[in-house]
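Asker: The structure under discussion is supplied below as C-alpha cells; questions concerning it will follow.
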Amino acid sequence: MPRLERRPTPSRLWTAATPVLAVIATMFAGGLLFAALGKDPVEAIRTIFWDPLFGEFASYSRPQLLVKAGPLILIAIGLSLGFKAQVWNIGAEGQYIMGALAGAATGLAFYPGDSPLLFPAMVVIGALGGGLWGLIPAVLKLRFGSSEILVSLMLVYVAQHILSAAAFGMLKNPEGRGFPGSRNFQQFPAAFNGELIAGTGMHWGVVAALGSVIAAHVLLSRHILGFHIRVAGEAPRAARFAGVSPALLTSVCLGISGALAGLAGLFEVTGPAGQISTDFASGYGFTAIIVAFLGRLHPLGILLAGLLMALTYIGGELAQLTLNLPSAAIQAFQGMLLFFLLAFDVLSNFRIRLARRARA
Amino acid sequence: MQRRTLLTSTAAALVAVSLAGPALAQEPLKVGFIYVGPIGDLGWSYQHDQGRLAVEKEFGDKVETVYLESVPEGADAERALTQMAMQGADLIFTTSFGYMDATINVAARFPDVKFEHATGYKRAGNVATYNARFYEGRAVMGTIAGRMTRSNKIGYIGSFPIPEVIQGINSTFIHARKVNPDVEISVVWAYTWFDPAKEADAARALIEQGVDVILAHTDSTAPLAEAAKTPGVIGFGQASDMLDFAPSPRVSSIIDNWGPYYIERVQAVLDGTWTSTDTWAGIGEGAVVIGEITDAVPAEVKAEAEALAAAIADKSYHPFTGPLNRQDGTPWLAEGEVADDATLAGMNFYVEGIKGDIPQ
C-alpha cells in the first residue's frame, strides 16, 4: 500500500510541475468527456488549445487572448499578494465593479470633455474605487473581528445592486431611449481605452497587467513589504517578532488587491466592454481566484495561468462553433483544470512512499 | 499580422463565401445564433433555439446552423460574433438586447454578413432588428387574471424597468380592469431575466400580500412552482409553454415563437431579397402564441380570452386603445385613439390606476 508522507517543505520541483501535469490530465479527462459526447476528442482538444494560437483565424484570436487575459492577470496578481499573507479576498468581483463605476462615473460627468487629463484621472479614481471597496472588509475585520472572506464576498452582491442602480439611473445614457446602460465610451474619445497599436489587442489594461506582474515580482523578491507578506503567510508568529503589524498587512493586502481589481474594471468598462450595463460584471473577479492558484501565487505563473484561462475561453468558443460542443461541457472542462491542480497539489506537499518498513 | 491584412484577408474570404454561397446550390447558407442563456433554460434562449431548429427543419441541406450559448453581453459578445463571422456565417441572429452595440460594431467590420438583432433599436445597412409584441399576449392574460382573481389582487414580477416590460404591465392591468373594476396590481422588480431563487422570493412576497394571480416577465418556472404551493393561486407560462404546471396553477401561457420569422429571413437571404428592416410581430403573425387555456378557467372566461386574442390577431382591436390616461391623470390616448409604435417602444410610464413608481 502506498502511503503519503508530509514533506517538511513543499517540493519546489513538484510545485512547478503540477500545473503542467494538471493541464495534461485535463486534456485527457476532457478528451474522454468530449468523446462521451460523441465528438472527436483529438479534434476538440486541438480546437481549444491549438487553433486560437495557430489556426486559420489566429491573427484575430491571438490579440483577443490578451484582451481576455488582461483583467484576469491584473486581478489575480492583487489577490495573490493577499493569499500569500493568508488574507482571503474573495470579493474581487465587487471591487472590479466599483472601480469601473467610480472611474466611468468620473468620465461621464465630464462628457463630452476632451481634456487629456480625463483618462488618467479616471484611472486613478477607478483604482481608488476598487481599493476603498476592498478596505471595507479590512476595516470590519480589524474593528469587529469579522471574517474578510464573508464580508468581501457579500459586498459583491451589494456592488452588483449598485451597478444595476447605476445602469438604470445615475449613469443611464440620456440618449438611450429609456433603455438601461450608460453611454458607450467608444463615442467618447477622451475617455476611451482603445487599442494602443491596431490589431494587437494591447490596451492600457493589458499594459497594466504586464506591469503588475513585474511590480509584484520585484515587490516579493526585493522589498520589505514582500518579505512581510511571505513571512506572515508562512510563519505568522515569526512575523510578529519580525515587526509585522497584522492590522496594517491586512489593510495593505485588501487595499492593493481591491485597487488592482478596480483598475481592471476601469480598463474593461472604458475599453472592451464599452459601457456600464447590468451585465457588465462577467465573473472576472471569481475566475481570477482560479488564475491566482493555477499560477501558484507566483507572478510569472499567474501571467501564464491567465493566458491559459483565456485560451480555454476562446478555444472553447471555437469548439462550440465548429464542433457544436455545449457550453456546459466547456465549463466542466475549465472546472477540471482547477480540480486536477488541487489534486496534484498532493505531490508538492506530500511524498508518496510505497509501504515497506526498513528491514531489520 | 497587421490589422489591415487581417481585414482584407477576412473580407476576401467573406466575399468568396457570400459569392459562392447563394450561387452554388450545394454550398449551404451558414446561419448563426448567439444566446444569452443556456439553451436548456426552458425560457427565452430555449425558444430562440426552437426557432433555429425550425429553420433546420424547413431548409434541410440548404442551411447549416451554428450557435453559441451563455454568451455574456459586452466584450465577450463582440468576440463571439467576430469568431462566428470569421467561421463563415452568412446570417447571424443576436438574441438579446445587450448585444446591440457589439452587433453594430461587428457588422461594420463584416459588411457582407447580415445581422439580425432582437429587441434593440440600432440598425445599419446589414443590421435588421426584430421583436415580438408580447403586450398583445399580456392583454389576454390580463383578461383571464381579472376574471379569475378572488382577492382582486394580481401580482406581476418585472424583470427590468425597460419599455418592453412596462408595456406588459400596462397591458395586463388595462385588460384586468376592463373586466373587473376592483382589481389592483402589485409589481415586484426582480432585476434579472432568469434567477429561479429570486423569482420564487418575489412570488412568495406577492402571495403573502394576498395576490392570487401571478404574472411574470422573468423566464424560469419558479413563480409557477411557488404558486403551486398555495391552493387557489394561479399563474401563466412565460416565454415557453411550461405545461408541466398545467392545468393549474398554469392556466395559460405566452409563448415566444421565433420560428416563422427566422424562416422568413433565411428565405430572404437565399432569395437575395434580404434588406435591413424593423419587424415587430404579434399574435397575428404567429410570433406570440397563447398557450392552451386549461379547464381551471371557466368556459365563458376562456371564450372571452380567445375572442380577445382573435380580435388582436386580425387587427380589429389594439390593446392600447383610448381613452387612456397616464398614471398622473394626464390624458394619453383619446377615445378610440390607438398608441403609436414609437411611444410604445419607449414606454416609461404607467397608465392610470396602477399604484407605485417605476424605478428610475
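By order of appearance in the C-alpha cells: chains A, B, ..., then residues from 1 within every chain, and ligands from 1 in the order shown.
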With a distance cut-off of 12 Å and only C-alpha atoms, select the neighbouring residues of Leu53 in chain A, excluding the residue or stretch itself and same-chain residues fewer than 4 positions from it, and output the selection as a ChimeraX atom specification.

Answerer: /A:46-49,57-66,307-308,310-312,314-315,318

Asker: With C-alpha atoms retained, export the selected residues as a PDB file, in the first residue's frame.

Answerer:
ATOM      1  CA  ARG A  46      -6.775  20.802 -30.863  1.00  0.00           C
ATOM      2  CA  THR A  47      -9.580  23.297 -31.433  1.00  0.00           C
ATOM      3  CA  ILE A  48      -9.365  24.566 -27.859  1.00  0.00           C
ATOM      4  CA  PHE A  49      -5.591  24.708 -27.392  1.00  0.00           C
ATOM      5  CA  PHE A  57      -8.006  32.926 -37.787  1.00  0.00           C
ATOM      6  CA  ALA A  58      -5.240  33.112 -35.187  1.00  0.00           C
ATOM      7  CA  SER A  59      -4.394  36.644 -36.268  1.00  0.00           C
ATOM      8  CA  TYR A  60      -7.693  37.648 -34.681  1.00  0.00           C
ATOM      9  CA  SER A  61      -7.749  35.316 -31.701  1.00  0.00           C
ATOM     10  CA  ARG A  62      -4.180  35.879 -30.513  1.00  0.00           C
ATOM     11  CA  PRO A  63      -4.799  39.542 -29.652  1.00  0.00           C
ATOM     12  CA  GLN A  64      -8.111  38.504 -28.118  1.00  0.00           C
ATOM     13  CA  LEU A  65      -6.190  36.286 -25.718  1.00  0.00           C
ATOM     14  CA  LEU A  66      -4.501  39.379 -24.337  1.00  0.00           C
ATOM     15  CA  LEU A 307      -3.213  33.320 -20.742  1.00  0.00           C
ATOM     16  CA  LEU A 308      -4.107  29.649 -20.393  1.00  0.00           C
ATOM     17  CA  ALA A 310      -8.149  32.962 -21.741  1.00  0.00           C
ATOM     18  CA  LEU A 311      -7.159  30.252 -24.191  1.00  0.00           C
ATOM     19  CA  THR A 312      -9.781  27.867 -22.813  1.00  0.00           C
ATOM     20  CA  ILE A 314     -11.599  31.498 -26.718  1.00  0.00           C
ATOM     21  CA  GLY A 315     -10.819  27.956 -27.791  1.00  0.00           C
ATOM     22  CA  LEU A 318     -14.379  27.934 -31.250  1.00  0.00           C
TER      23      LEU A 318
END

Asker: Could you write out as a PyMOL selection string the residues of chain A within 6 Å of chain B, counting only C-alpha atoms?

Answerer: chain A and resi 169+177+179+199+272-273+321

Asker: Name the residues of range 15-202 of chain B that come out as helix (DSSP H, G or I) in a backbone DSSP run; write them as an mmCIF file with N, CA and C atoms, in the first residue's frame.

Answerer:
data_model
loop_
_atom_site.group_PDB
_atom_site.id
_atom_site.type_symbol
_atom_site.label_atom_id
_atom_site.label_comp_id
_atom_site.auth_asym_id
_atom_site.auth_seq_id
_atom_site.Cartn_x
_atom_site.Cartn_y
_atom_site.Cartn_z
ATOM 1 N N VAL B 15 -16.158 37.626 -48.990
ATOM 2 C CA VAL B 15 -16.688 37.872 -50.319
ATOM 3 C C VAL B 15 -16.801 36.544 -51.053
ATOM 4 N N ALA B 16 -15.714 35.748 -50.918
ATOM 5 C CA ALA B 16 -15.718 34.451 -51.580
ATOM 6 C C ALA B 16 -16.897 33.621 -51.106
ATOM 7 N N VAL B 17 -17.098 33.620 -49.782
ATOM 8 C CA VAL B 17 -18.190 32.823 -49.238
ATOM 9 C C VAL B 17 -19.530 33.346 -49.721
ATOM 10 N N SER B 18 -19.696 34.677 -49.655
ATOM 11 C CA SER B 18 -21.016 35.208 -49.974
ATOM 12 C C SER B 18 -21.301 35.113 -51.470
ATOM 13 N N LEU B 19 -20.242 35.171 -52.290
ATOM 14 C CA LEU B 19 -20.471 34.994 -53.725
ATOM 15 C C LEU B 19 -20.780 33.535 -54.027
ATOM 16 N N ALA B 20 -19.954 32.675 -53.416
ATOM 17 C CA ALA B 20 -20.105 31.266 -53.721
ATOM 18 C C ALA B 20 -21.362 30.695 -53.088
ATOM 19 N N GLY B 21 -21.660 31.173 -51.849
ATOM 20 C CA GLY B 21 -22.750 30.584 -51.075
ATOM 21 C C GLY B 21 -24.061 30.460 -51.836
ATOM 22 N N PRO B 22 -24.712 31.607 -52.112
ATOM 23 C CA PRO B 22 -26.026 31.501 -52.740
ATOM 24 C C PRO B 22 -25.943 30.978 -54.177
ATOM 25 N N ALA B 23 -24.787 31.209 -54.840
ATOM 26 C CA ALA B 23 -24.693 30.847 -56.249
ATOM 27 C C ALA B 23 -24.704 29.331 -56.433
ATOM 28 N N ILE B 39 -29.285 26.931 -23.721
ATOM 29 C CA ILE B 39 -30.478 26.567 -24.484
ATOM 30 C C ILE B 39 -31.412 25.720 -23.639
ATOM 31 N N GLY B 40 -30.921 25.224 -22.505
ATOM 32 C CA GLY B 40 -31.780 24.443 -21.631
ATOM 33 C C GLY B 40 -32.507 25.278 -20.591
ATOM 34 N N ASP B 41 -32.588 26.606 -20.782
ATOM 35 C CA ASP B 41 -33.232 27.419 -19.744
ATOM 36 C C ASP B 41 -34.747 27.283 -19.760
ATOM 37 N N TRP B 44 -36.379 31.987 -22.523
ATOM 38 C CA TRP B 44 -36.004 32.858 -23.630
ATOM 39 C C TRP B 44 -35.062 32.194 -24.641
ATOM 40 N N SER B 45 -33.896 31.736 -24.183
ATOM 41 C CA SER B 45 -32.918 31.167 -25.114
ATOM 42 C C SER B 45 -33.427 29.856 -25.710
ATOM 43 N N TYR B 46 -34.129 29.086 -24.899
ATOM 44 C CA TYR B 46 -34.708 27.833 -25.381
ATOM 45 C C TYR B 46 -35.634 28.103 -26.568
ATOM 46 N N GLN B 47 -36.447 29.139 -26.440
ATOM 47 C CA GLN B 47 -37.412 29.425 -27.517
ATOM 48 C C GLN B 47 -36.701 29.891 -28.783
ATOM 49 N N HIS B 48 -35.617 30.664 -28.622
ATOM 50 C CA HIS B 48 -34.858 31.060 -29.802
ATOM 51 C C HIS B 48 -34.236 29.834 -30.469
ATOM 52 N N ASP B 49 -33.775 28.895 -29.635
ATOM 53 C CA ASP B 49 -33.161 27.703 -30.204
ATOM 54 C C ASP B 49 -34.208 26.842 -30.913
ATOM 55 N N GLN B 50 -35.434 26.874 -30.393
ATOM 56 C CA GLN B 50 -36.515 26.190 -31.105
ATOM 57 C C GLN B 50 -36.684 26.804 -32.492
ATOM 58 N N GLY B 51 -36.514 28.121 -32.566
ATOM 59 C CA GLY B 51 -36.583 28.807 -33.856
ATOM 60 C C GLY B 51 -35.472 28.337 -34.785
ATOM 61 N N ARG B 52 -34.278 28.149 -34.226
ATOM 62 C CA ARG B 52 -33.156 27.652 -35.025
ATOM 63 C C ARG B 52 -33.476 26.260 -35.571
ATOM 64 N N LEU B 53 -34.033 25.417 -34.694
ATOM 65 C CA LEU B 53 -34.365 24.065 -35.138
ATOM 66 C C LEU B 53 -35.438 24.100 -36.226
ATOM 67 N N ALA B 54 -36.359 25.073 -36.112
ATOM 68 C CA ALA B 54 -37.395 25.211 -37.143
ATOM 69 C C ALA B 54 -36.749 25.558 -38.481
ATOM 70 N N VAL B 55 -35.713 26.403 -38.445
ATOM 71 C CA VAL B 55 -35.001 26.765 -39.678
ATOM 72 C C VAL B 55 -34.353 25.522 -40.288
ATOM 73 N N GLU B 56 -33.705 24.719 -39.440
ATOM 74 C CA GLU B 56 -33.062 23.500 -39.941
ATOM 75 C C GLU B 56 -34.085 22.569 -40.585
ATOM 76 N N LYS B 57 -35.230 22.469 -39.930
ATOM 77 C CA LYS B 57 -36.266 21.554 -40.412
ATOM 78 C C LYS B 57 -36.817 22.038 -41.750
ATOM 79 N N GLU B 58 -36.985 23.357 -41.845
ATOM 80 C CA GLU B 58 -37.590 23.920 -43.045
ATOM 81 C C GLU B 58 -36.652 23.791 -44.248
ATOM 82 N N PHE B 59 -35.360 24.086 -44.030
ATOM 83 C CA PHE B 59 -34.461 24.201 -45.189
ATOM 84 C C PHE B 59 -33.546 22.997 -45.390
ATOM 85 N N GLY B 60 -33.461 22.129 -44.382
ATOM 86 C CA GLY B 60 -32.663 20.914 -44.543
ATOM 87 C C GLY B 60 -31.229 21.197 -44.953
ATOM 88 N N ASP B 61 -30.792 20.627 -46.062
ATOM 89 C CA ASP B 61 -29.405 20.735 -46.504
ATOM 90 C C ASP B 61 -29.043 22.127 -47.000
ATOM 91 N N LYS B 62 -30.034 22.960 -47.235
ATOM 92 C CA LYS B 62 -29.725 24.277 -47.791
ATOM 93 C C LYS B 62 -29.115 25.209 -46.747
ATOM 94 N N ALA B 75 -17.982 42.728 -23.975
ATOM 95 C CA ALA B 75 -16.787 42.407 -24.759
ATOM 96 C C ALA B 75 -16.819 40.984 -25.302
ATOM 97 N N ASP B 76 -17.327 40.048 -24.492
ATOM 98 C CA ASP B 76 -17.347 38.661 -24.936
ATOM 99 C C ASP B 76 -18.250 38.477 -26.150
ATOM 100 N N ALA B 77 -19.343 39.223 -26.168
ATOM 101 C CA ALA B 77 -20.278 39.098 -27.286
ATOM 102 C C ALA B 77 -19.617 39.545 -28.579
ATOM 103 N N GLU B 78 -18.857 40.621 -28.497
ATOM 104 C CA GLU B 78 -18.210 41.134 -29.709
ATOM 105 C C GLU B 78 -17.220 40.105 -30.265
ATOM 106 N N ARG B 79 -16.462 39.474 -29.366
ATOM 107 C CA ARG B 79 -15.512 38.469 -29.826
ATOM 108 C C ARG B 79 -16.240 37.251 -30.396
ATOM 109 N N ALA B 80 -17.294 36.820 -29.680
ATOM 110 C CA ALA B 80 -18.039 35.644 -30.140
ATOM 111 C C ALA B 80 -18.634 35.899 -31.523
ATOM 112 N N LEU B 81 -19.171 37.099 -31.723
ATOM 113 C CA LEU B 81 -19.763 37.434 -33.020
ATOM 114 C C LEU B 81 -18.694 37.464 -34.108
ATOM 115 N N THR B 82 -17.532 38.024 -33.773
ATOM 116 C CA THR B 82 -16.454 38.090 -34.762
ATOM 117 C C THR B 82 -16.013 36.681 -35.155
ATOM 118 N N GLN B 83 -15.864 35.825 -34.143
ATOM 119 C CA GLN B 83 -15.449 34.449 -34.449
ATOM 120 C C GLN B 83 -16.478 33.771 -35.346
ATOM 121 N N MET B 84 -17.758 34.032 -35.046
ATOM 122 C CA MET B 84 -18.821 33.415 -35.826
ATOM 123 C C MET B 84 -18.768 33.903 -37.280
ATOM 124 N N ALA B 85 -18.554 35.216 -37.440
ATOM 125 C CA ALA B 85 -18.496 35.768 -38.794
ATOM 126 C C ALA B 85 -17.275 35.223 -39.536
ATOM 127 N N MET B 86 -16.148 35.094 -38.819
ATOM 128 C CA MET B 86 -14.940 34.576 -39.465
ATOM 129 C C MET B 86 -15.103 33.122 -39.874
ATOM 130 N N PHE B 97 -30.995 41.923 -25.941
ATOM 131 C CA PHE B 97 -30.864 43.377 -26.048
ATOM 132 C C PHE B 97 -29.426 43.832 -25.870
ATOM 133 N N GLY B 98 -28.724 43.226 -24.899
ATOM 134 C CA GLY B 98 -27.373 43.662 -24.555
ATOM 135 C C GLY B 98 -26.341 43.434 -25.647
ATOM 136 N N TYR B 99 -26.701 42.740 -26.717
ATOM 137 C CA TYR B 99 -25.755 42.527 -27.818
ATOM 138 C C TYR B 99 -25.779 43.680 -28.815
ATOM 139 N N MET B 100 -26.563 44.715 -28.513
ATOM 140 C CA MET B 100 -26.815 45.759 -29.514
ATOM 141 C C MET B 100 -25.528 46.401 -30.038
ATOM 142 N N ASP B 101 -24.718 46.987 -29.155
ATOM 143 C CA ASP B 101 -23.526 47.694 -29.626
ATOM 144 C C ASP B 101 -22.524 46.729 -30.252
ATOM 145 N N ALA B 102 -22.416 45.533 -29.676
ATOM 146 C CA ALA B 102 -21.494 44.539 -30.235
ATOM 147 C C ALA B 102 -21.926 44.171 -31.656
ATOM 148 N N THR B 103 -23.223 44.022 -31.858
ATOM 149 C CA THR B 103 -23.731 43.663 -33.188
ATOM 150 C C THR B 103 -23.392 44.754 -34.195
ATOM 151 N N ILE B 104 -23.631 46.004 -33.805
ATOM 152 C CA ILE B 104 -23.363 47.129 -34.713
ATOM 153 C C ILE B 104 -21.864 47.189 -35.038
ATOM 154 N N ASN B 105 -21.020 47.011 -34.013
ATOM 155 C CA ASN B 105 -19.563 47.073 -34.232
ATOM 156 C C ASN B 105 -19.079 45.983 -35.177
ATOM 157 N N VAL B 106 -19.515 44.751 -34.923
ATOM 158 C CA VAL B 106 -19.038 43.638 -35.738
ATOM 159 C C VAL B 106 -19.611 43.756 -37.155
ATOM 160 N N ALA B 107 -20.846 44.191 -37.258
ATOM 161 C CA ALA B 107 -21.471 44.325 -38.578
ATOM 162 C C ALA B 107 -20.701 45.319 -39.438
ATOM 163 N N ALA B 108 -20.151 46.355 -38.810
ATOM 164 C CA ALA B 108 -19.393 47.349 -39.568
ATOM 165 C C ALA B 108 -18.132 46.727 -40.155
ATOM 166 N N ARG B 109 -17.584 45.722 -39.453
ATOM 167 C CA ARG B 109 -16.354 45.092 -39.934
ATOM 168 C C ARG B 109 -16.612 43.979 -40.945
ATOM 169 N N PHE B 134 -45.196 41.299 -27.171
ATOM 170 C CA PHE B 134 -45.619 40.483 -26.037
ATOM 171 C C PHE B 134 -46.828 41.086 -25.333
ATOM 172 N N TYR B 135 -46.966 42.414 -25.443
ATOM 173 C CA TYR B 135 -48.090 43.060 -24.743
ATOM 174 C C TYR B 135 -49.429 42.580 -25.280
ATOM 175 N N GLU B 136 -49.440 42.078 -26.519
ATOM 176 C CA GLU B 136 -50.700 41.521 -27.043
ATOM 177 C C GLU B 136 -51.105 40.292 -26.246
ATOM 178 N N GLY B 137 -50.123 39.444 -25.962
ATOM 179 C CA GLY B 137 -50.405 38.276 -25.139
ATOM 180 C C GLY B 137 -50.804 38.674 -23.731
ATOM 181 N N ARG B 138 -50.149 39.736 -23.215
ATOM 182 C CA ARG B 138 -50.463 40.201 -21.850
ATOM 183 C C ARG B 138 -51.919 40.633 -21.739
ATOM 184 N N ALA B 139 -52.472 41.197 -22.825
ATOM 185 C CA ALA B 139 -53.869 41.625 -22.792
ATOM 186 C C ALA B 139 -54.770 40.424 -22.517
ATOM 187 N N VAL B 140 -54.439 39.292 -23.151
ATOM 188 C CA VAL B 140 -55.245 38.082 -22.968
ATOM 189 C C VAL B 140 -55.072 37.555 -21.538
ATOM 190 N N MET B 141 -53.806 37.541 -21.060
ATOM 191 C CA MET B 141 -53.547 37.082 -19.694
ATOM 192 C C MET B 141 -54.251 38.003 -18.684
ATOM 193 N N GLY B 142 -54.213 39.305 -18.956
ATOM 194 C CA GLY B 142 -54.846 40.262 -18.052
ATOM 195 C C GLY B 142 -56.342 40.013 -17.938
ATOM 196 N N THR B 143 -56.963 39.692 -19.059
ATOM 197 C CA THR B 143 -58.398 39.406 -19.053
ATOM 198 C C THR B 143 -58.692 38.202 -18.170
ATOM 199 N N ILE B 144 -57.909 37.134 -18.357
ATOM 200 C CA ILE B 144 -58.110 35.937 -17.529
ATOM 201 C C ILE B 144 -57.849 36.279 -16.064
ATOM 202 N N ALA B 145 -56.770 37.045 -15.817
ATOM 203 C CA ALA B 145 -56.416 37.401 -14.438
ATOM 204 C C ALA B 145 -57.548 38.180 -13.776
ATOM 205 N N GLY B 146 -58.092 39.151 -14.480
ATOM 206 C CA GLY B 146 -59.160 39.976 -13.920
ATOM 207 C C GLY B 146 -60.394 39.158 -13.582
ATOM 208 N N ARG B 147 -60.707 38.189 -14.420
ATOM 209 C CA ARG B 147 -61.877 37.326 -14.187
ATOM 210 C C ARG B 147 -61.622 36.322 -13.077
ATOM 211 N N MET B 148 -60.403 35.834 -12.962
ATOM 212 C CA MET B 148 -60.141 34.710 -12.064
ATOM 213 C C MET B 148 -59.835 35.141 -10.632
ATOM 214 N N PRO B 163 -38.925 49.499 -21.474
ATOM 215 C CA PRO B 163 -40.218 49.672 -22.138
ATOM 216 C C PRO B 163 -40.983 48.367 -22.374
ATOM 217 N N GLU B 164 -40.301 47.330 -22.831
ATOM 218 C CA GLU B 164 -40.997 46.075 -23.132
ATOM 219 C C GLU B 164 -41.755 45.540 -21.922
ATOM 220 N N VAL B 165 -41.132 45.636 -20.755
ATOM 221 C CA VAL B 165 -41.751 45.107 -19.543
ATOM 222 C C VAL B 165 -42.885 46.026 -19.087
ATOM 223 N N ILE B 166 -42.678 47.322 -19.220
ATOM 224 C CA ILE B 166 -43.706 48.277 -18.803
ATOM 225 C C ILE B 166 -44.948 48.161 -19.704
ATOM 226 N N GLN B 167 -44.713 47.923 -20.997
ATOM 227 C CA GLN B 167 -45.850 47.650 -21.881
ATOM 228 C C GLN B 167 -46.676 46.485 -21.337
ATOM 229 N N GLY B 168 -45.977 45.428 -20.912
ATOM 230 C CA GLY B 168 -46.655 44.225 -20.428
ATOM 231 C C GLY B 168 -47.470 44.494 -19.180
ATOM 232 N N ILE B 169 -46.893 45.269 -18.263
ATOM 233 C CA ILE B 169 -47.604 45.581 -17.015
ATOM 234 C C ILE B 169 -48.851 46.404 -17.335
ATOM 235 N N ASN B 170 -48.685 47.426 -18.172
ATOM 236 C CA ASN B 170 -49.823 48.278 -18.523
ATOM 237 C C ASN B 170 -50.915 47.479 -19.227
ATOM 238 N N SER B 171 -50.498 46.658 -20.180
ATOM 239 C CA SER B 171 -51.482 45.894 -20.950
ATOM 240 C C SER B 171 -52.240 44.928 -20.039
ATOM 241 N N THR B 172 -51.515 44.264 -19.136
ATOM 242 C CA THR B 172 -52.152 43.351 -18.191
ATOM 243 C C THR B 172 -53.194 44.094 -17.366
ATOM 244 N N PHE B 173 -52.771 45.244 -16.820
ATOM 245 C CA PHE B 173 -53.641 45.978 -15.909
ATOM 246 C C PHE B 173 -54.873 46.518 -16.642
ATOM 247 N N ILE B 174 -54.659 47.106 -17.820
ATOM 248 C CA ILE B 174 -55.779 47.690 -18.568
ATOM 249 C C ILE B 174 -56.863 46.638 -18.801
ATOM 250 N N HIS B 175 -56.440 45.424 -19.170
ATOM 251 C CA HIS B 175 -57.437 44.417 -19.531
ATOM 252 C C HIS B 175 -58.017 43.715 -18.317
ATOM 253 N N ALA B 176 -57.259 43.671 -17.227
ATOM 254 C CA ALA B 176 -57.825 43.127 -15.991
ATOM 255 C C ALA B 176 -58.883 44.090 -15.459
ATOM 256 N N ARG B 177 -58.591 45.388 -15.482
ATOM 257 C CA ARG B 177 -59.542 46.412 -15.025
ATOM 258 C C ARG B 177 -60.807 46.418 -15.866
ATOM 259 N N LYS B 178 -60.616 46.177 -17.152
ATOM 260 C CA LYS B 178 -61.747 46.219 -18.078
ATOM 261 C C LYS B 178 -62.824 45.222 -17.670
ATOM 262 N N VAL B 179 -62.396 44.037 -17.197
ATOM 263 C CA VAL B 179 -63.381 43.014 -16.834
ATOM 264 C C VAL B 179 -63.639 42.996 -15.331
ATOM 265 N N PRO B 196 -34.087 31.538 -10.692
ATOM 266 C CA PRO B 196 -35.197 30.853 -10.025
ATOM 267 C C PRO B 196 -35.353 31.256 -8.555
ATOM 268 N N ALA B 197 -34.254 31.428 -7.836
ATOM 269 C CA ALA B 197 -34.366 31.737 -6.406
ATOM 270 C C ALA B 197 -35.009 33.102 -6.193
ATOM 271 N N LYS B 198 -34.529 34.099 -6.946
ATOM 272 C CA LYS B 198 -35.077 35.443 -6.798
ATOM 273 C C LYS B 198 -36.534 35.491 -7.228
ATOM 274 N N GLU B 199 -36.843 34.772 -8.305
ATOM 275 C CA GLU B 199 -38.216 34.782 -8.806
ATOM 276 C C GLU B 199 -39.157 34.136 -7.791
ATOM 277 N N ALA B 200 -38.680 33.060 -7.150
ATOM 278 C CA ALA B 200 -39.501 32.401 -6.138
ATOM 279 C C ALA B 200 -39.746 33.342 -4.959
ATOM 280 N N ASP B 201 -38.705 34.069 -4.549
ATOM 281 C CA ASP B 201 -38.855 35.045 -3.460
ATOM 282 C C ASP B 201 -39.909 36.083 -3.812
ATOM 283 N N ALA B 202 -39.822 36.585 -5.053
ATOM 284 C CA ALA B 202 -40.761 37.612 -5.484
ATOM 285 C C ALA B 202 -42.193 37.067 -5.460
#

Asker: Need to verify the contact set: range 183-185 of chain B, 6 Å, only C-alpha atoms, exclusion of same-chain residues closer than 3 positions in sequence. Can you return it as an MDAnalysis selection string?

Answerer: chainID B and resid 152:155 177 180

Asker: For the selection just defined, write its residues with N, CA and C atoms to a file, as a PDB file, in the first residue's frame.

Answerer:
ATOM      1  N   ASN B 152     -59.022  40.143  -5.786  1.00  0.00           N
ATOM      2  CA  ASN B 152     -58.882  41.360  -6.586  1.00  0.00           C
ATOM      3  C   ASN B 152     -57.462  41.934  -6.533  1.00  0.00           C
ATOM      4  N   LYS B 153     -56.513  41.059  -6.269  1.00  0.00           N
ATOM      5  CA  LYS B 153     -55.115  41.497  -6.278  1.00  0.00           C
ATOM      6  C   LYS B 153     -54.344  40.602  -7.233  1.00  0.00           C
ATOM      7  N   ILE B 154     -53.773  41.197  -8.258  1.00  0.00           N
ATOM      8  CA  ILE B 154     -52.909  40.410  -9.126  1.00  0.00           C
ATOM      9  C   ILE B 154     -51.474  40.925  -8.985  1.00  0.00           C
ATOM     10  N   GLY B 155     -50.550  40.019  -9.160  1.00  0.00           N
ATOM     11  CA  GLY B 155     -49.136  40.369  -8.961  1.00  0.00           C
ATOM     12  C   GLY B 155     -48.359  40.203 -10.249  1.00  0.00           C
ATOM     13  N   ARG B 177     -58.591  45.388 -15.482  1.00  0.00           N
ATOM     14  CA  ARG B 177     -59.542  46.412 -15.025  1.00  0.00           C
ATOM     15  C   ARG B 177     -60.807  46.418 -15.866  1.00  0.00           C
ATOM     16  N   ASN B 180     -62.882  43.763 -14.571  1.00  0.00           N
ATOM     17  CA  ASN B 180     -63.010  43.732 -13.112  1.00  0.00           C
ATOM     18  C   ASN B 180     -62.552  45.079 -12.551  1.00  0.00           C
TER      19      ASN B 180
END

Asker: Have a look at CA of Asp212 in chain B and CA of Ser248 in chain B and let me know their distance in Å, one decimal.

Answerer: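 These two atoms are separated by 12.3 Å.
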